[in-house]
Each structure stands twice: as C-alpha cells, then as structure tokens.
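To keep things clear, I will list the structure first and then write my remarks on it.
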Amino acid sequence: MELHYHDYLQLDKILNAQFPESQKHKLPAHDEMLFIVIHQAYELWFRQLHYEVDSVVAIMSKPALNDNSPELQTVVHRLNRMVTILRVLVHQIDIMETMTPMDFLDFRDMLRPASGFQSWQFKELEAKLGLKFEHRHGKEYYTSELRPQQVEIIKKAEENKSLLQLLNTWLERMPFFEENDNWKNFTTHNQTKGLHPFWSEYRYQYINSLADAEKNNQSAFDGIFIQPGSPERTISSVASRAALFIMLYRGYPMLQLPFQLLNALLEIDEQLSSWRYRHMNMVHRMIGTRIGTGGSTGKDYLKAAADKHYIFKEIAQLNSFLIERRKLPALPSAIEKRLGFVTG
Ligand code: HEM
C-alpha cells in the first residue's frame, strides 16, 4: 500500500488523544481543549529537543572531536535549532494567555493533582543538559509526583554524562598551551608561579583593569582559573581558561565554531529562563497566589526554580573576566598561524 500522509503522521493517534475532564464530568468548559492541545504541543517539542540533545551528546562523547570538523558544525547547528524551538515555546505562552482566569476555573479543580510539575520530559531535559540533583530547588520532592518508571528515567539521565560535563571535557582538550615552542617569544610583565606566561600576563592585565570596588574579583579570578576546581563547579580551571580564550580570540577562524557553540549554550539557558519567567507570570495572572494543582507553593516555587536552574551559568560567569580588546596580549605568530589567521 502507498504511504499516506494520514498514516505517516499517525494522525489517528494524535487527533484522538484529547479527552477533556470537563466532558467526562458533563460540566462543559470550552477552554479545556486549548489547555490539552497546548500541553501536548509542548510535549511534542520536548520530544524533539531530546532528540537533538541526544545527538549532540553522542557527538560530544567521541574522544577526539576535532574543533574544525563537520561534526562540530553539526553540534552548533543542532544547538541553534534547539534555541529556535525554545523561542517558539516561549511564544506559545501567548496562546495559553488567551484563556482567562475565569475560563480556567471552569475546569481547574477537575485536574487535581495533575500538573506540569509531572512533565518528566522537562525534568529529564534539564538533567541531560546538566542540571545536577544537588542544584535543584526542592530536591526532596522534585520527583515526588512522578511515577516510579519516570523517576528511573530522570535518575538515569542524571547518572549519564550531561552536555555540561562533556563541554568540560572538550574544553579541557583545547590545544595551544602545551605547544611550548610556539610560545617561546612570549613575555609577561608578571609571572605567576606555575601558570602559563600567557595566563600570567592576562591575569596581570585583568587585575589592572579592575575598579577599586571590584578588587575582590582578583580572588574570584584565581578561584576559577588557577586553583583546582571545587565540587560546586563542573567546569574545571583548565576548561574555564579554554572557554575564556575562545571568547577573547573568537575572531580567529579556528575559534569561530567553538565560540558559536558556547554562545548557543548561553542562548539555550536564556530561552529556558525566559520560558520559566513567562510561565511564572502567566501562573500568577491565572491563579494569583493560590497553590498549584501539583501541590507546590505555585508562583513562589516557580520563582525559586527559575532563579536556581540556570544550567550554563559557569560559562555566563566568565564574562566578568573579559578585558578590553585593545589590552589583549598579542599572540605569538606561531600561535596565530595555528589559529588560522596567518598563512605560509
Ligand atoms: C493555565 C496554565 C498553567 C498554569 C496555571 C500552570 C501552573 C503551574 C504551577 C502552579 C506549577 C508549579 C507546580 C504545581 O504545584 O502545580 C507548574 C509547574 C510546571 N508547569 Fe505549568 N501551568 C500552566 C501551563 C503550563 C504549560 C502550557 C506547560 C507546558 C508544558 C507547563 C509546564 C510546567 C512545567 C514543566 C512545570 C514544572 C516547572 C519546574 O519544576 O521548574 N505549564 N505549572
């Protein structure tokens, strides 16, 4: 039999999957259909986000991912696709907001104790990206409303290497600084013991750029870029230096894709955060300060989760340690050649 649009898309299943509780109770509530369809649309997009992140994780797990390879292009391309999907998810809240609080009250009580809090796909996505159990708001109960097999799925995602951890490994592998011959003409104003001359010079320039009120940033700099990592951090000092180097010298051809990768991750965090804030404001508008159907404190819970659940914050934080372009240490020509600017 010829393939048909209807069968290919399994429309029988999708279009027959809306069963409003209000119809079952014979208490008609027009807007419940919208409420169901919009949640289903979200879950379908979550499905696609999982598909993309799984493929990115598979590529990033390869031991020798080359920084200029087509595979890295694929990673950046798919991360950017995730960003575009997340933007649509933020905008979809506009549709939800065409439902008024009174329309919602027509069926809200029939939903208890079901809640978006039970979206295991959402929690699994956070875990795959890199949200650790210990950094979750309400860790005692974030899986309490899920079914045992859904808890299993999330625990497994937490045990596997997250995108954030793989990013750390990839950054740690960045070449250039071990290439001693290429740095032999580089001098620094102030050599810090045990630190590469480039980073000693950078540290010197950074400290000189600080205003009096910012002098504490010196110890923050040393904590992030020099001292061995703390258990609080996923991104090690070696990886943090690599990420900063990428941000500083992103104009060099070899660093353009790595920069786009870092940028896409920050964009994912920003879009996720926009979604959390828009969802939270919608919740406030819809139910005020009442508790959620899932039993949480409602808006307060969502606000705390939104503030705490930034996944790539260790990368965003590196922007505090940039210096003006004109003060950047000039790279030796052998390194410039490696970075793809100087030919011959
Ligand atoms: C009238 C519309 C909505 C209201 C009033 C609402 C309300 C809430 C509330 C109060 C919570 C906190 C948990 C609880 O106690 O229930 C929550 C969590 C959540 N909701 Fe919604 N929601 C709405 C629409 C949506 C939509 C369209 C989605 C899309 C999937 C969604 C996804 C989620 C998710 C993923 C969480 C968990 C967030 C986290 O743990 O960080 N919600 N919602």
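Chain labels run A, B, ... following the order of the structure tokens; each chain numbers its residues from 1, and ligands are numbered from 1 in the order shown.
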Polymer residues at most 9 Å from range 162-166 of chain A, only C-alpha atoms, same-chain spacing of 5 or more positions, as a PyMOL selection string
chain A and resi 53+56-57+60-61+127-131+157+171+234-235+311-312
Those residues you just picked out, can you put them in a file as a PDB file, in the first residue's frame with C-alpha atoms?
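And here is the file that came out, again-v5.pdb:
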```pdb
ATOM      1  CA  VAL A  53      20.316  16.908  22.605  1.00  0.00           C
ATOM      2  CA  VAL A  56      24.721  16.347  20.334  1.00  0.00           C
ATOM      3  CA  VAL A  57      25.708  14.314  23.393  1.00  0.00           C
ATOM      4  CA  MET A  60      30.469  15.300  22.059  1.00  0.00           C
ATOM      5  CA  SER A  61      31.135  11.911  23.687  1.00  0.00           C
ATOM      6  CA  ALA A 127      19.216  16.697  33.634  1.00  0.00           C
ATOM      7  CA  LYS A 128      20.607  15.877  30.177  1.00  0.00           C
ATOM      8  CA  LEU A 129      21.710  19.469  29.728  1.00  0.00           C
ATOM      9  CA  GLY A 130      23.496  19.438  33.080  1.00  0.00           C
ATOM     10  CA  LEU A 131      21.219  20.438  35.962  1.00  0.00           C
ATOM     11  CA  ALA A 157      19.794  10.974  32.854  1.00  0.00           C
ATOM     12  CA  LEU A 171      37.287  22.420  26.612  1.00  0.00           C
ATOM     13  CA  THR A 234      31.525  21.295  36.764  1.00  0.00           C
ATOM     14  CA  ILE A 235      33.839  23.395  34.599  1.00  0.00           C
ATOM     15  CA  ILE A 311      22.469  25.314  33.619  1.00  0.00           C
ATOM     16  CA  PHE A 312      25.375  27.029  31.886  1.00  0.00           C
TER      17      PHE A 312
END
```
Could you report the residues within 8 Å of ligand 1, using only C-alpha atoms and all ligand atoms, as number ranges by chain?
A: 35, 38-40, 42-43, 92-93, 96-97, 99, 101, 104, 113-119, 122-123, 142, 276, 279-280, 282-284, 286-287, 290-299, 301-302, 305-306, 309
Give me, as a PDB file with N, CA, C and O atoms, in the first residue's frame, all polymer residues having an atom no more than 6 Å from range 241-258 of chain A, counting only C-alpha atoms and skipping those fewer than 3 positions away in the same chain.
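Saved the output as part.pdb:
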```
ATOM      1  N   LEU A 171      36.485  21.210  26.378  1.00  0.00           N
ATOM      2  CA  LEU A 171      37.287  22.420  26.612  1.00  0.00           C
ATOM      3  C   LEU A 171      38.668  22.057  27.158  1.00  0.00           C
ATOM      4  O   LEU A 171      39.672  22.660  26.791  1.00  0.00           O
ATOM      5  N   PHE A 225      40.191  30.281  37.622  1.00  0.00           N
ATOM      6  CA  PHE A 225      41.127  29.950  36.529  1.00  0.00           C
ATOM      7  C   PHE A 225      42.431  29.302  36.994  1.00  0.00           C
ATOM      8  O   PHE A 225      43.181  28.779  36.180  1.00  0.00           O
ATOM      9  N   VAL A 238      41.167  24.436  34.016  1.00  0.00           N
ATOM     10  CA  VAL A 238      41.732  24.305  32.658  1.00  0.00           C
ATOM     11  C   VAL A 238      40.647  24.617  31.619  1.00  0.00           C
ATOM     12  O   VAL A 238      40.875  25.369  30.658  1.00  0.00           O
ATOM     13  N   LEU A 261      29.480  27.627  19.626  1.00  0.00           N
ATOM     14  CA  LEU A 261      28.966  26.565  20.499  1.00  0.00           C
ATOM     15  C   LEU A 261      28.681  27.135  21.904  1.00  0.00           C
ATOM     16  O   LEU A 261      27.590  26.944  22.455  1.00  0.00           O
ATOM     17  N   LEU A 339      45.957  29.243  14.737  1.00  0.00           N
ATOM     18  CA  LEU A 339      44.549  29.638  14.833  1.00  0.00           C
ATOM     19  C   LEU A 339      43.957  30.014  13.471  1.00  0.00           C
ATOM     20  O   LEU A 339      42.793  30.402  13.369  1.00  0.00           O
ATOM     21  N   GLY A 340      44.828  29.940  12.447  1.00  0.00           N
ATOM     22  CA  GLY A 340      44.300  30.046  11.094  1.00  0.00           C
ATOM     23  C   GLY A 340      44.250  31.437  10.511  1.00  0.00           C
ATOM     24  O   GLY A 340      43.524  31.653   9.563  1.00  0.00           O
TER      25      GLY A 340
END
```
Using only C-alpha atoms: which of A:Ser237, A:Met102, A:Glu124, A:Pro228 has the shortest distance to Thr143 in chain A:
A:Glu124
As a ChimeraX atom specification, which residues of range 34-280 of chain A does DSSP assign to alpha helix (DSSP H)?
/A:34-60,70-96,101-105,120-129,148-159,163-172,197-209,217-225,237-248,253-280
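The spacing separating CA of Phe19 in chain A from CA of Tyr51 in chain A amounts to 27.2 Å.
When CA of Glu324 in chain A is paired with CA of Asp307 in chain A, their separation reads 29.6 Å.
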Which residue of A:Leu105, A:Ile335, A:Ile14, A:Ala316 approaches Lys184 in chain A most closely, using only C-alpha atoms:
A:Ile335
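Interatomic distance, CA of Tyr310 in chain A against CA of Ser274 in chain A: 10.9 Å.
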At a cut-off of 12 Å, using only C-alpha atoms, what residues contact Lys26 in chain A? Leave out same-chain residues fewer than 5 positions from it and give the result as a PyMOL selection string.
chain A and resi 20-21+106-107+110
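For the set A:Ile153, A:Asp12, A:Glu201, A:Asp181, the residue with the smallest atom-to-atom gap to Lys327 in chain A is A:Glu201, counting only C-alpha atoms.
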Val88 in chain A environment, 12 Å, only C-alpha atoms, sequence neighbours closer than 2 positions dropped, as an NGL selection string:
:A and (41-42 or 45-46 or 81-86 or 90-95 or 271-272 or 274-275)
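Proximity to His30 in chain A at 9 Å, evaluated using only C-alpha atoms and with sequence-adjacent residues fewer than 3 positions away removed, yields Ser22, Met33, Leu34, Asp103 and Asp106 of chain A.
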Export of prior selection with N, CA and C atoms as a compact mmCIF listing (two decimals), in the first residue's frame:
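Contents of the output file selection.txt:
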```txt
# COMPACT_ATOMS: atom_id res chain seq x y z
N SER A 22 -13.70 17.90 31.66
CA SER A 22 -15.00 18.59 31.80
C SER A 22 -16.08 17.87 31.00
N MET A 33 -10.05 22.25 25.94
CA MET A 33 -9.45 21.69 24.71
C MET A 33 -8.13 22.41 24.40
N LEU A 34 -8.15 23.73 24.49
CA LEU A 34 -6.93 24.51 24.25
C LEU A 34 -5.85 24.09 25.25
N ASP A 103 -12.11 31.37 32.78
CA ASP A 103 -12.24 30.21 31.88
C ASP A 103 -11.51 29.01 32.50
N ASP A 106 -13.24 27.14 35.29
CA ASP A 106 -14.31 26.23 34.86
C ASP A 106 -13.90 24.77 34.95
```
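Checking A:Phe259, A:Phe221, A:Trp120, A:Trp170 one by one against Ala64 in chain A, counting only C-alpha atoms, you find the shortest gap at A:Trp170.
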Could you pull the residues within 9 Å of Phe133 in chain A, counting only C-alpha atoms, minus those fewer than 5 positions along the same chain, as a PyMOL selection string?
chain A and resi 127+139+155+158
Only C-alpha atoms, please: the residues just picked out, written as a JSON list (two decimals), in the first residue's frame.
```
[["chain", "number", "residue", "atom", "x", "y", "z"],
["A", 127, "ALA", "CA", 19.22, 16.70, 33.63],
["A", 139, "LYS", "CA", 15.34, 18.38, 45.62],
["A", 155, "LYS", "CA", 17.86, 9.31, 37.63],
["A", 158, "GLU", "CA", 21.48, 12.32, 35.99]]
```
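Considering only C-alpha atoms, the residue among A:Ala29, A:Leu79, A:Ile36, A:Leu262 positioned nearest to Gln48 in chain A is A:Leu79.
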